[in-house]
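Trainee: One structure is given below, represented as structure tokens, and several questions about it will come after.
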Amino acid sequence: MRRVTWANLLARKVRLLLSAAAIVLGVAFVAGSFVFTDTISKSFDSIVEGTIPDLTVRLDGSQDGGGFVVDDRTIPASLVTRLAALPDVARADGNVEGQGLFVLDPDGKLIGGQGAPTLALNYNDAPSTTGEPTVTIGRGREPRGADEVVLDARTVEGSGFRLGDTVEMVTAGSTPRISARLVGIADFAGGGLAGATLVLFDTPTAQRIFLGGADVYDSVAVTARDGVSQARLAADVGPELGDDLQAVTGDELAAETQSFIDTALGFLGTFLLIFAGIALVVGTFLIVNTFSILVAQRSRELALLRAMGASRRQVVGSVLTEALVVGLLGSTVGLLLGFGLAALLRLVFGQFGLDLSGTPLVFEPRTAVVAYAVGVLVTMVAAVVPARRASRVPPVAAMRDEVALPESSIRLRLVLAVVLALAGAGLMALGLAGSGTTGASLVGGGILGVLLAAALGAPVIGRPVVAGLGWVFRRTAGTVGVLATQNAQRNPRRTAATASALMIGLALVTTMSVLGASINTSIDVGVKKEFTSDYLVTSPTFSDFSTTLAQQVRDTDGVGEVTQMQSLPVEVDGDDVFSTAIDSASFTAVYDLTMVSGTIDVEKGEVAISQDDARDADLSVGDDVTLGFPGGEQDARVVGVYEQSNVVGGAVLPFTTLAAAQIPRSDSAVAVNAAPGADRAQVGERLDRIVADLPTVTVQDQTEFIDAQRAQVNQLLLLIYALLGLAVVIAVLGIVNTLALSVIERTREVGLLRAVGLSRRQLRRMVRLEAVTIAVLGATLGVVMGLLFGTVLQRAFVNDGITDLSFPWGRLVLFVVVSAVVGVLAAAVPARRAARLDVLRAISTE
Amino acid sequence: MTHLAAESTPTRTVAARAVDLRKSYGRGDAAVDALAGVTIDLYAEEFTAVMGPSGSGKSTLMHCLAALDSPTSGSVLIGDVDLASLKDKALTLLRRDRIGFVFQSFNLVPTLTAQENILLPLSIAGRRPDAGWFDTVVDTVGLRDRLSHRPSEMSGGQQQRVACARALVSRPSVVFADEPTGNLDSTSGAEVLGFLQRSVREFGQTVVMVTHDPVAASYTDRVVFLADGEVVDELRAPTAESVLETMARIQLRSGHATGSTREP
Ligand SMILES: Nc1ncnc2c1ncn2[C@@H]1O[C@H](COP(=O)(O)OP(=O)(O)OP(=O)(O)O)[C@@H](O)[C@H]1O
Ligand SMILES: [Mg+2]
């Protein structure tokens with residue numbers, strides 16, 4: 001029996017390869033995701049290891065709100081001196097951690113920006129826990145004085161700076177632009193910076209730019225004397241610190257940083273694995289189909305084996321062994337390909353600023369285990385149904401000319417499909433009624449159910465589509481069309497299963513494009529309603545900018561009302577709420593928020609809350625709340641509740657509250673109206689000129705703002721399309737596979753058709769039309785499903801900003817048309833193969 | 001011996017002709033001459049049988065004549081067209097329009113009904129069927145009430161009659177049939193043979209048929225005997241007895257054991 005299995009595998013190398021292809025792609029994606037995320041985490045591990053000192057002294061609360069809110073509190077230099085004098089301390093170095101600084105490349109373009117951050121620090125040679133300095137100067141020398149700067153090696157290489165060049169930088173501080181001479185190139189401990197840009201000044205310069213020039217620091221790195229443990233060091237340092245300071249040991253800080261990174265990477269990993277899962281589900285269809293066809297083709301041989309006394313178990317075993325070999329083979333190739341994919345991902349992410357070229361790809365044994373487990377398991381599971389069907393071939397079938405495999409009842413399938421569809425619909429309804437993540441996952445589960453139901457029921461629900469296409473083909477291609485349609489209808493399950501793979505891919509693509517269109521429409525509607533100023537000054541890098549800019553805007557000719565806004569997370573009764581600080585007098589002159597109750601006119605000690613946040617926290621006008629800032633808490637009274645607004649977010653407070661919280665003023669946005677009678681376009685041009693040399697700031701009118709927002713959505717969509725593209729590729733492989741196998745299976749028939757006069761061209765067209773039938777069937781079902789899912793998801797996210805539903809009809813039609821074209825392409829090889837068949841040989845094939 | 005044929009029927013038109021036809025398979029020591037120089041004229045409006053021991057080259061001859069295979073040397077003419085001069089496209093057209101073929105088994109497209117199968121060559125060619133001729137053919141094969149059935153719903157004999165009807169429906173110059181009754185019992189076989197005979201006698205078709213069965217051969221006008229790739233004898237107006245006699249003689253003469261494994 002084993003001999004027979006092997007002979008089969010070898011005799012059908014091509015088929016083996018085709019079915020392995022699905023596994024290869026799926027496994028490659030799984031392995032690639034793992035390798036890539038492992039590589040990222042390794043690269044961050046070395047950064048963490050190479051940069052953390054024995055002990056860090058920092059301001060209490062400076063890590064709250066994700067560390068995004070930076071207040072004015074500082075550590076005096078005197079403390080650094082005192083710490084350095086302690087018996088267990090080898091040295092103590094004050095650190096300045098600058099925020100909001102960006103480097104411009106020699107062409108004046110922003111380096112980094114939306115991707116990895118720019119770290120602006122004072123230069124010192126304080127060692128990390130490894131004993132090596134965190135930063136070493138590779139070439140040149142360290143910075144000295146106000147007009148000298150050192151950049152990291154990768155930034156210098158990437159931008160083309162040379163030692164001695166002048167480097168332009170923009171800041172969020174009171175001097176928006178500074179320039180300095182590049183005197184050195186720094187190497188960062190741990191190999192790479194993951195794409196971050198490192199900017200080093202000497203300590204007085206850093207203090208001047210970021211800390212107002214006082215001899216103070218943001219944190220202190222404390223290094224232990226030889227043989228002193230981190231715990232002893234902490235005990236030694238602790239009593240020296242006031243209430244607002246905190247000592248964190250290297251181990252603690254490493255753990256803290258690690259968990260922070262893991263959360264972010266975990267998200268990325270899950271994101272990638274979801275797509276790997278989709279690819280595998282689609283691949284499963286392909287494998288089920290391949291094995292079904294292979295078993296069908298071998299049914300006579302299997303019957304012969306049964307007639308000669310092979311047991312059912314042996315037949316099942318034979319098919320499953322074949323699956324095992326395919327699974328192992330596919331997993332191995334997939335694993336190798338996964339490395340390629342990881343390298344590709346590294347390249348792509350490098351483009352977006354996450355540069356990992358310093359870290360070699362990481363291979364964890366876990367990656368191989370998961371790859372093989374997934375690959376082999378999926379193949380075996382997919383082969384079980386065909387194997388069982390194979391075992392039901394009656395021995396007498398060996399005596400017959402044509403063997404029809406016993407088909408499991410279509411009734412059972414339909415019943416299952418209906419049950420799944422109902423369950424799916426139920427889950428969706430529940431999800432829509434619910435809210436938050438549970439709601440979304442219920443909807444997701446429902447979508448999966450309906451999708452599987454559609455795949456199961458496809459032989460039946462696909463009938464009208466196939467019949468319709470058949471009608472068209474009969475009209476346009478005559479007999480060839482009839483033959484093609486009948487070939488597609490001959491085995492509805494096979495056609496449907498092949499189409500289902502494409503259906504799943506296209507359903508997801510359609511869902512995403514419906515969501516994308518809805519998001520874009522919602523942006524349109526929302527922005528048109530809320531963007532009430534003539535112009536808005538914002539930062540595409542989401543970094544605040546200097547308040548001097550607003551002053552410049554006010555001084556511009558033709559400018560009327562101007563209002564400044566500073567957005568930041570604030571804890572309202574312990575919950576992080578994205579809030580905006582305003583000056584209510586000028587704010588109300590530009591914006592007219594719809595109030596549910598009370599007023600937006602907030603004074604010190606007052607706050608206005610959005611309707612949703614007020615409901616969630618059970619607040620109403622007159623209630624008292626506690627506002628939490630990194631440096632401490634403040635009490636405030638709710639004076640207004642307003643309808644949801646993207647302009648201000650969840651809470652509105654006055655600038656005076658920020659001042660009390662020691663948070664330095666900067667602007668996140670400045671809304672500008674042209675003065676009555678002024679030429680709007682001219683005002684716009686003047687504003688553009690103000691921000692011309694500030695790449696971190698843009699001036700947009702309503703249309704430009706909408707376009708920018710849409711561009712972001714579309715970029716994300718593009719990324720998701722690219723990832724879903726993998727599933728579609730696998731589906732197309734499935735079509736190629738099914739057609740190729742069908743052609744092999746119908747060799748005799750093809751010969752017969754040729755013998756009665758079908759030309760090669762007509763034969764090719766026949767195979768192509770069959771492919772188009774499958775592709776259009778899959779595409780149509782997929783698009784219909786996608787419309788349904790997109791609508792449901794839009795409903796589910798209606799409170800998260802996707803307020804309006806919109807169908808991108810043009811694009812959907814394009815999907816179907818492209819699918820048809822892809823079908824034609826998929827048919828190319830099988831069609832050629834069929835046409836090349838020698839008539840006589842074909843006729844005499846057993 | 002081949003000259004006999006040419007002399008006895010000097011006035012008839014030739015529907016298909018083979019001249020010094022040779023076909024070898026394999027190379028060197030392993031080479032097999034399936035056809036070792038066959039020259040034969042097949043006359044229009046005649047029902048010819050080709051007989052001979054298994055492996056004597058009958059199928060090979062049919063395939064070469066029907067433009068399904070190309071000979072190693074020698075030429076084949078259908079009417080006055082030399083097949084050697086035709087490329088694949090022209091050969092396809094020739095097969096489609098001027099030749100009919102009936103195989104021993106697996107003759108029909110399983111997805112098509114009997115009627116669609118019969119009309120297949122015409123619809124491939126994009127030609128309209130001649131309604132009168134179609135009716136005649138269908139009535140002759142006696143399949144009027146089976147036209148909407150698919151192959152799987154028909155007996156072997158019925159399927160083979162459909163295949164014959166298909167071979168005839170486009171009024172080809174010549175129909176080749178390789179053991180059309182090989183898979184049929186004697187009753188079904190008689191139905192098929194009767195139909196082929198009528199199509200020649202009543203409608204002036206030309207049919208060439210390979211058979212192992214002396215009774216089947218007795219339906220024909222002329223029997224050509226092959227042995228070891230050569231034409232060794234022929235009979236006109238054969239009867240089952242005269243065919244049997246000739247076959248026995250050939251087997252004796254050729255001397256070597258020509259297996260009869262494939263004979264029913
Ligand atoms: N494709 C092939 N390759 C090699 N040899 C072949 C091939 N086809 C036929 N032959 C050989 O050519 C010879 C004639 O074969 P052919 O099929 O014409 O015999 P036949 O007279 O039709 O026999 P049968 O009565 O058994 O059908 C045989 O010896 C056969 O072995
Ligand atoms: Mg033969």
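Please note that chains go A, B, ... in the order of the structure tokens, that every chain numbers its residues from 1, and that ligands are numbered from 1 in the order shown.
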Please return as number ranges by chain the residues found within 7 Å of ligand 2, counting only C-alpha atoms and all ligand atoms.
Mentor: B: 58-59, 178
Trainee: Near Ile250 of chain B, counting only C-alpha atoms, which residues have an atom at most 9 Å away, once you skip same-chain residues fewer than 3 positions from it, shown as a ChimeraX atom specification?
Mentor: /B:52-53,225,227,232-233,245-247,253-255
Trainee: So which one's closest to Val472 of chain A, A:Val772, A:Thr155, A:Gln314, A:Ala453? Using only C-alpha atoms, please.
Mentor: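 The answer is A:Val772, which sits nearest to Val472 of chain A.
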Trainee: Taking a cut-off of 6 Å and counting only C-alpha atoms and all ligand atoms, can you build a table that, for each residue of chain B near ligand 1, reports the nearest atom pair and how far apart they are in Å (one decimal), sorted by chain then residue number, as JSON lines?
Mentor:
```
{"residue": "B:Tyr25", "atom": "CA", "partner": "ligand 1", "partner_atom_place_in_ligand_line": "4 (C)", "distance": 4.6}
{"residue": "B:Ala34", "atom": "CA", "partner": "ligand 1", "partner_atom_place_in_ligand_line": "12 (O)", "distance": 3.9}
{"residue": "B:Pro53", "atom": "CA", "partner": "ligand 1", "partner_atom_place_in_ligand_line": "25 (O)", "distance": 5.9}
{"residue": "B:Ser54", "atom": "CA", "partner": "ligand 1", "partner_atom_place_in_ligand_line": "25 (O)", "distance": 3.5}
{"residue": "B:Gly55", "atom": "CA", "partner": "ligand 1", "partner_atom_place_in_ligand_line": "19 (O)", "distance": 3.5}
{"residue": "B:Ser56", "atom": "CA", "partner": "ligand 1", "partner_atom_place_in_ligand_line": "21 (O)", "distance": 4.0}
{"residue": "B:Gly57", "atom": "CA", "partner": "ligand 1", "partner_atom_place_in_ligand_line": "18 (O)", "distance": 3.1}
{"residue": "B:Lys58", "atom": "CA", "partner": "ligand 1", "partner_atom_place_in_ligand_line": "21 (O)", "distance": 3.7}
{"residue": "B:Ser59", "atom": "CA", "partner": "ligand 1", "partner_atom_place_in_ligand_line": "22 (O)", "distance": 3.6}
{"residue": "B:Thr60", "atom": "CA", "partner": "ligand 1", "partner_atom_place_in_ligand_line": "18 (O)", "distance": 3.7}
{"residue": "B:Arg262", "atom": "CA", "partner": "ligand 1", "partner_atom_place_in_ligand_line": "26 (O)", "distance": 5.8}
```
Trainee: With a cut-off of 7 Å, could you pull out the residues of chain B touching chain A and give me the nearest pair of atoms for each, distance in Å to one decimal, using only C-alpha atoms, ordered by chain and ascending number, as JSON lines?
Mentor:
```
{"residue": "B:Leu68", "atom": "CA", "partner": "A:Leu840", "partner_atom": "CA", "distance": 6.0}
{"residue": "B:Asp69", "atom": "CA", "partner": "A:Leu840", "partner_atom": "CA", "distance": 6.7}
{"residue": "B:Lys89", "atom": "CA", "partner": "A:Ser759", "partner_atom": "CA", "distance": 6.9}
{"residue": "B:Thr92", "atom": "CA", "partner": "A:Gly757", "partner_atom": "CA", "distance": 5.3}
{"residue": "B:Leu93", "atom": "CA", "partner": "A:Gly757", "partner_atom": "CA", "distance": 6.3}
{"residue": "B:Arg95", "atom": "CA", "partner": "A:Gly757", "partner_atom": "CA", "distance": 5.5}
{"residue": "B:Arg96", "atom": "CA", "partner": "A:Gly757", "partner_atom": "CA", "distance": 3.8}
{"residue": "B:Val109", "atom": "CA", "partner": "A:Glu749", "partner_atom": "CA", "distance": 6.4}
{"residue": "B:Thr111", "atom": "CA", "partner": "A:Gln486", "partner_atom": "CA", "distance": 6.2}
{"residue": "B:Pro121", "atom": "CA", "partner": "A:Val756", "partner_atom": "CA", "distance": 5.7}
{"residue": "B:Ser123", "atom": "CA", "partner": "A:Thr479", "partner_atom": "CA", "distance": 5.8}
{"residue": "B:Ile124", "atom": "CA", "partner": "A:Thr479", "partner_atom": "CA", "distance": 5.9}
```
Trainee: Could those residues be written to a file, using all heavy atoms, as a JSON list (two decimals), in the first residue's frame?
Mentor:
```json
[["chain", "number", "residue", "atom", "x", "y", "z"],
["B", 68, "LEU", "N", -5.59, 11.37, -37.75],
["B", 68, "LEU", "CA", -5.37, 11.47, -36.31],
["B", 68, "LEU", "C", -3.91, 11.24, -35.99],
["B", 68, "LEU", "O", -3.44, 11.60, -34.92],
["B", 68, "LEU", "CB", -6.23, 10.44, -35.57],
["B", 68, "LEU", "CG", -7.72, 10.68, -35.56],
["B", 68, "LEU", "CD1", -8.45, 9.47, -35.00],
["B", 68, "LEU", "CD2", -8.06, 11.92, -34.75],
["B", 69, "ASP", "N", -3.19, 10.62, -36.91],
["B", 69, "ASP", "CA", -1.79, 10.31, -36.68],
["B", 69, "ASP", "C", -1.06, 10.53, -38.00],
["B", 69, "ASP", "O", -1.66, 10.46, -39.07],
["B", 69, "ASP", "CB", -1.66, 8.84, -36.25],
["B", 69, "ASP", "CG", -0.38, 8.61, -35.45],
["B", 69, "ASP", "OD1", 0.41, 9.57, -35.32],
["B", 69, "ASP", "OD2", -0.19, 7.48, -34.98],
["B", 89, "LYS", "N", -3.92, 23.16, -38.45],
["B", 89, "LYS", "CA", -5.21, 23.87, -38.56],
["B", 89, "LYS", "C", -6.05, 23.27, -39.69],
["B", 89, "LYS", "O", -7.24, 22.98, -39.52],
["B", 89, "LYS", "CB", -4.94, 25.34, -38.85],
["B", 89, "LYS", "CG", -5.97, 26.26, -38.28],
["B", 89, "LYS", "CD", -5.44, 27.66, -38.27],
["B", 89, "LYS", "CE", -6.48, 28.61, -37.69],
["B", 89, "LYS", "NZ", -5.95, 29.97, -37.69],
["B", 92, "THR", "N", -7.33, 19.92, -38.76],
["B", 92, "THR", "CA", -8.50, 20.02, -37.90],
["B", 92, "THR", "C", -9.75, 20.25, -38.74],
["B", 92, "THR", "O", -10.78, 19.60, -38.53],
["B", 92, "THR", "CB", -8.33, 21.17, -36.89],
["B", 92, "THR", "OG1", -7.17, 20.91, -36.13],
["B", 92, "THR", "CG2", -9.52, 21.28, -36.00],
["B", 93, "LEU", "N", -9.64, 21.16, -39.68],
["B", 93, "LEU", "CA", -10.79, 21.46, -40.54],
["B", 93, "LEU", "C", -11.19, 20.23, -41.35],
["B", 93, "LEU", "O", -12.38, 19.93, -41.49],
["B", 93, "LEU", "CB", -10.46, 22.62, -41.49],
["B", 93, "LEU", "CG", -10.39, 23.98, -40.83],
["B", 93, "LEU", "CD1", -10.11, 25.06, -41.86],
["B", 93, "LEU", "CD2", -11.71, 24.27, -40.11],
["B", 95, "ARG", "N", -10.66, 17.07, -40.59],
["B", 95, "ARG", "CA", -11.32, 16.12, -39.70],
["B", 95, "ARG", "C", -12.75, 16.54, -39.43],
["B", 95, "ARG", "O", -13.66, 15.73, -39.38],
["B", 95, "ARG", "CB", -10.57, 16.08, -38.36],
["B", 95, "ARG", "CG", -9.37, 15.15, -38.33],
["B", 95, "ARG", "CD", -9.10, 14.71, -36.89],
["B", 95, "ARG", "NE", -8.83, 15.81, -36.01],
["B", 95, "ARG", "CZ", -7.61, 16.31, -35.80],
["B", 95, "ARG", "NH1", -6.58, 15.80, -36.43],
["B", 95, "ARG", "NH2", -7.43, 17.30, -34.98],
["B", 96, "ARG", "N", -12.90, 17.83, -39.26],
["B", 96, "ARG", "CA", -14.21, 18.33, -38.87],
["B", 96, "ARG", "C", -15.21, 18.16, -40.00],
["B", 96, "ARG", "O", -16.34, 17.77, -39.80],
["B", 96, "ARG", "CB", -14.07, 19.82, -38.52],
["B", 96, "ARG", "CG", -15.23, 20.39, -37.78],
["B", 96, "ARG", "CD", -14.95, 21.82, -37.43],
["B", 96, "ARG", "NE", -15.13, 22.69, -38.57],
["B", 96, "ARG", "CZ", -14.79, 23.98, -38.57],
["B", 96, "ARG", "NH1", -14.24, 24.52, -37.51],
["B", 96, "ARG", "NH2", -15.02, 24.70, -39.63],
["B", 109, "VAL", "N", -19.43, 12.98, -25.48],
["B", 109, "VAL", "CA", -19.14, 13.95, -24.43],
["B", 109, "VAL", "C", -20.20, 13.79, -23.34],
["B", 109, "VAL", "O", -21.38, 13.97, -23.62],
["B", 109, "VAL", "CB", -19.16, 15.38, -24.99],
["B", 109, "VAL", "CG1", -18.92, 16.39, -23.88],
["B", 109, "VAL", "CG2", -18.12, 15.53, -26.08],
["B", 111, "THR", "N", -21.33, 15.44, -20.91],
["B", 111, "THR", "CA", -22.22, 16.52, -20.46],
["B", 111, "THR", "C", -23.28, 16.87, -21.49],
["B", 111, "THR", "O", -24.20, 17.62, -21.18],
["B", 111, "THR", "CB", -21.40, 17.80, -20.19],
["B", 111, "THR", "OG1", -20.56, 18.03, -21.31],
["B", 111, "THR", "CG2", -20.60, 17.68, -18.94],
["B", 121, "PRO", "N", -20.12, 18.11, -34.20],
["B", 121, "PRO", "CA", -19.20, 18.57, -35.25],
["B", 121, "PRO", "C", -19.75, 19.78, -36.01],
["B", 121, "PRO", "O", -19.00, 20.69, -36.35],
["B", 121, "PRO", "CB", -19.08, 17.37, -36.19],
["B", 121, "PRO", "CG", -19.54, 16.21, -35.39],
["B", 121, "PRO", "CD", -20.53, 16.73, -34.41],
["B", 123, "SER", "N", -21.95, 22.02, -34.85],
["B", 123, "SER", "CA", -21.99, 23.24, -34.04],
["B", 123, "SER", "C", -20.58, 23.76, -33.78],
["B", 123, "SER", "O", -20.37, 24.96, -33.67],
["B", 123, "SER", "CB", -22.75, 23.02, -32.74],
["B", 123, "SER", "OG", -22.21, 21.94, -32.04],
["B", 124, "ILE", "N", -19.61, 22.86, -33.73],
["B", 124, "ILE", "CA", -18.23, 23.33, -33.62],
["B", 124, "ILE", "C", -17.88, 24.13, -34.87],
["B", 124, "ILE", "O", -17.25, 25.19, -34.80],
["B", 124, "ILE", "CB", -17.26, 22.14, -33.46],
["B", 124, "ILE", "CG1", -17.36, 21.56, -32.07],
["B", 124, "ILE", "CG2", -15.82, 22.59, -33.73],
["B", 124, "ILE", "CD1", -16.55, 20.30, -31.90]]
```
Trainee: Using only C-alpha atoms, pick whichever of B:Val207, B:Ala190, B:Leu252, B:Leu122 has the shortest atom-to-atom distance to Ala44 of chain B.
Mentor: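 Smallest distance to Ala44 of chain B is found for B:Val207.
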Trainee: For the helix (DSSP H, G or I) assignment from backbone DSSP, which residues of segment 557-668 of chain A qualify? Please present them as a ChimeraX atom specification.
Mentor: /A:584-590,611-616,655-660
Trainee: Selected residues, all heavy atoms, written as a tab-separated table (two decimals), in the first residue's frame, please.
Mentor:
```
chain	number	residue	atom	x	y	z
A	584	SER	N	-11.55	80.25	25.59
A	584	SER	CA	-12.95	80.15	25.18
A	584	SER	C	-13.43	81.38	24.41
A	584	SER	O	-14.28	81.26	23.53
A	584	SER	CB	-13.84	79.87	26.38
A	584	SER	OG	-13.65	80.86	27.36
A	585	ALA	N	-12.88	82.56	24.72
A	585	ALA	CA	-13.34	83.77	24.02
A	585	ALA	C	-13.08	83.66	22.53
A	585	ALA	O	-14.00	83.82	21.70
A	585	ALA	CB	-12.65	84.99	24.60
A	586	SER	N	-11.83	83.35	22.15
A	586	SER	CA	-11.55	83.29	20.72
A	586	SER	C	-12.12	82.02	20.11
A	586	SER	O	-12.50	81.98	18.95
A	586	SER	CB	-10.03	83.37	20.47
A	586	SER	OG	-9.38	82.26	21.06
A	587	PHE	N	-12.21	80.94	20.90
A	587	PHE	CA	-12.73	79.67	20.38
A	587	PHE	C	-14.17	79.84	19.90
A	587	PHE	O	-14.52	79.42	18.80
A	587	PHE	CB	-12.66	78.60	21.48
A	587	PHE	CG	-13.11	77.24	21.02
A	587	PHE	CD1	-12.23	76.39	20.36
A	587	PHE	CD2	-14.41	76.80	21.23
A	587	PHE	CE1	-12.65	75.13	19.93
A	587	PHE	CE2	-14.83	75.57	20.80
A	587	PHE	CZ	-13.95	74.73	20.14
A	588	THR	N	-14.99	80.45	20.72
A	588	THR	CA	-16.41	80.57	20.35
A	588	THR	C	-16.60	81.52	19.17
A	588	THR	O	-17.62	81.46	18.50
A	588	THR	CB	-17.26	81.06	21.55
A	588	THR	OG1	-16.55	82.15	22.17
A	588	THR	CG2	-17.47	79.96	22.56
A	589	ALA	N	-15.59	82.35	18.90
A	589	ALA	CA	-15.70	83.23	17.73
A	589	ALA	C	-15.54	82.43	16.43
A	589	ALA	O	-16.03	82.83	15.38
A	589	ALA	CB	-14.66	84.34	17.80
A	590	VAL	N	-14.84	81.30	16.51
A	590	VAL	CA	-14.60	80.50	15.30
A	590	VAL	C	-15.50	79.27	15.25
A	590	VAL	O	-16.05	78.93	14.21
A	590	VAL	CB	-13.11	80.07	15.24
A	590	VAL	CG1	-12.86	79.19	14.02
A	590	VAL	CG2	-12.21	81.29	15.22
A	611	GLN	N	-20.71	64.48	25.05
A	611	GLN	CA	-21.90	63.74	25.43
A	611	GLN	C	-21.59	62.29	25.78
A	611	GLN	O	-22.03	61.78	26.81
A	611	GLN	CB	-22.87	63.80	24.24
A	611	GLN	CG	-24.27	63.39	24.58
A	611	GLN	CD	-25.19	63.58	23.39
A	611	GLN	OE1	-24.73	63.86	22.27
A	611	GLN	NE2	-26.47	63.44	23.61
A	612	ASP	N	-20.78	61.62	24.93
A	612	ASP	CA	-20.49	60.20	25.15
A	612	ASP	C	-19.70	60.00	26.44
A	612	ASP	O	-20.01	59.10	27.23
A	612	ASP	CB	-19.67	59.63	23.99
A	612	ASP	CG	-20.55	59.33	22.80
A	612	ASP	OD1	-21.78	59.61	22.91
A	612	ASP	OD2	-20.03	58.86	21.78
A	613	ASP	N	-18.67	60.83	26.61
A	613	ASP	CA	-17.86	60.68	27.82
A	613	ASP	C	-18.67	60.99	29.06
A	613	ASP	O	-18.51	60.35	30.10
A	613	ASP	CB	-16.62	61.57	27.73
A	613	ASP	CG	-15.59	61.03	26.77
A	613	ASP	OD1	-14.87	60.09	27.16
A	613	ASP	OD2	-15.53	61.50	25.62
A	614	ALA	N	-19.55	61.99	28.93
A	614	ALA	CA	-20.40	62.34	30.07
A	614	ALA	C	-21.31	61.17	30.41
A	614	ALA	O	-21.49	60.83	31.59
A	614	ALA	CB	-21.25	63.57	29.73
A	615	ARG	N	-21.83	60.50	29.36
A	615	ARG	CA	-22.73	59.37	29.62
A	615	ARG	C	-21.94	58.23	30.26
A	615	ARG	O	-22.37	57.64	31.24
A	615	ARG	CB	-23.38	58.93	28.32
A	615	ARG	CG	-24.52	57.95	28.52
A	615	ARG	CD	-25.03	57.45	27.20
A	615	ARG	NE	-23.94	56.95	26.38
A	615	ARG	CZ	-23.80	57.23	25.09
A	615	ARG	NH1	-24.67	57.99	24.48
A	615	ARG	NH2	-22.78	56.74	24.42
A	616	ASP	N	-20.75	57.92	29.66
A	616	ASP	CA	-19.95	56.80	30.17
A	616	ASP	C	-19.56	57.01	31.63
A	616	ASP	O	-19.53	56.07	32.42
A	616	ASP	CB	-18.68	56.62	29.34
A	616	ASP	CG	-19.00	56.08	27.95
A	616	ASP	OD1	-20.18	55.70	27.75
A	616	ASP	OD2	-18.10	56.07	27.09
A	655	PHE	N	-6.70	77.13	28.96
A	655	PHE	CA	-5.23	77.14	29.02
A	655	PHE	C	-4.73	77.32	30.45
A	655	PHE	O	-3.70	76.80	30.83
A	655	PHE	CB	-4.67	78.26	28.13
A	655	PHE	CG	-4.78	77.95	26.66
A	655	PHE	CD1	-5.25	78.89	25.75
A	655	PHE	CD2	-4.38	76.70	26.17
A	655	PHE	CE1	-5.33	78.60	24.41
A	655	PHE	CE2	-4.45	76.41	24.82
A	655	PHE	CZ	-4.93	77.36	23.93
A	656	THR	N	-5.51	78.07	31.22
A	656	THR	CA	-5.06	78.35	32.59
A	656	THR	C	-4.90	77.08	33.41
A	656	THR	O	-4.04	77.00	34.29
A	656	THR	CB	-6.07	79.27	33.28
A	656	THR	OG1	-7.40	78.82	32.96
A	656	THR	CG2	-5.90	80.71	32.83
A	657	THR	N	-5.72	76.08	33.11
A	657	THR	CA	-5.60	74.81	33.82
A	657	THR	C	-4.27	74.14	33.50
A	657	THR	O	-3.61	73.57	34.37
A	657	THR	CB	-6.77	73.88	33.45
A	657	THR	OG1	-7.99	74.54	33.76
A	657	THR	CG2	-6.68	72.57	34.19
A	658	LEU	N	-3.87	74.23	32.21
A	658	LEU	CA	-2.58	73.64	31.82
A	658	LEU	C	-1.44	74.34	32.56
A	658	LEU	O	-0.51	73.69	33.04
A	658	LEU	CB	-2.35	73.80	30.32
A	658	LEU	CG	-3.19	72.97	29.37
A	658	LEU	CD1	-2.55	72.97	27.99
A	658	LEU	CD2	-3.37	71.55	29.88
A	659	ALA	N	-1.54	75.65	32.63
A	659	ALA	CA	-0.48	76.41	33.28
A	659	ALA	C	-0.33	75.94	34.73
A	659	ALA	O	0.78	75.71	35.20
A	659	ALA	CB	-0.79	77.90	33.21
A	660	ALA	N	-1.47	75.74	35.39
A	660	ALA	CA	-1.43	75.29	36.77
A	660	ALA	C	-0.83	73.90	36.88
A	660	ALA	O	-0.25	73.55	37.90
A	660	ALA	CB	-2.85	75.29	37.36
```
Trainee: List every residue of segment 397-594 of chain A that DSSP, applied to the backbone of this structure, places in strand (DSSP E or B), and write the result as a PyMOL selection string.
Mentor: chain A and resi 535-538+545+559-572+575-582
Trainee: Find the residues near Ile735 of chain A: any atom within 7 Å, counting only C-alpha atoms, skip ones fewer than 2 places away on the same chain, and give them as a PyMOL selection string.
Mentor: chain A and resi 498+731-733+737-739+771+826
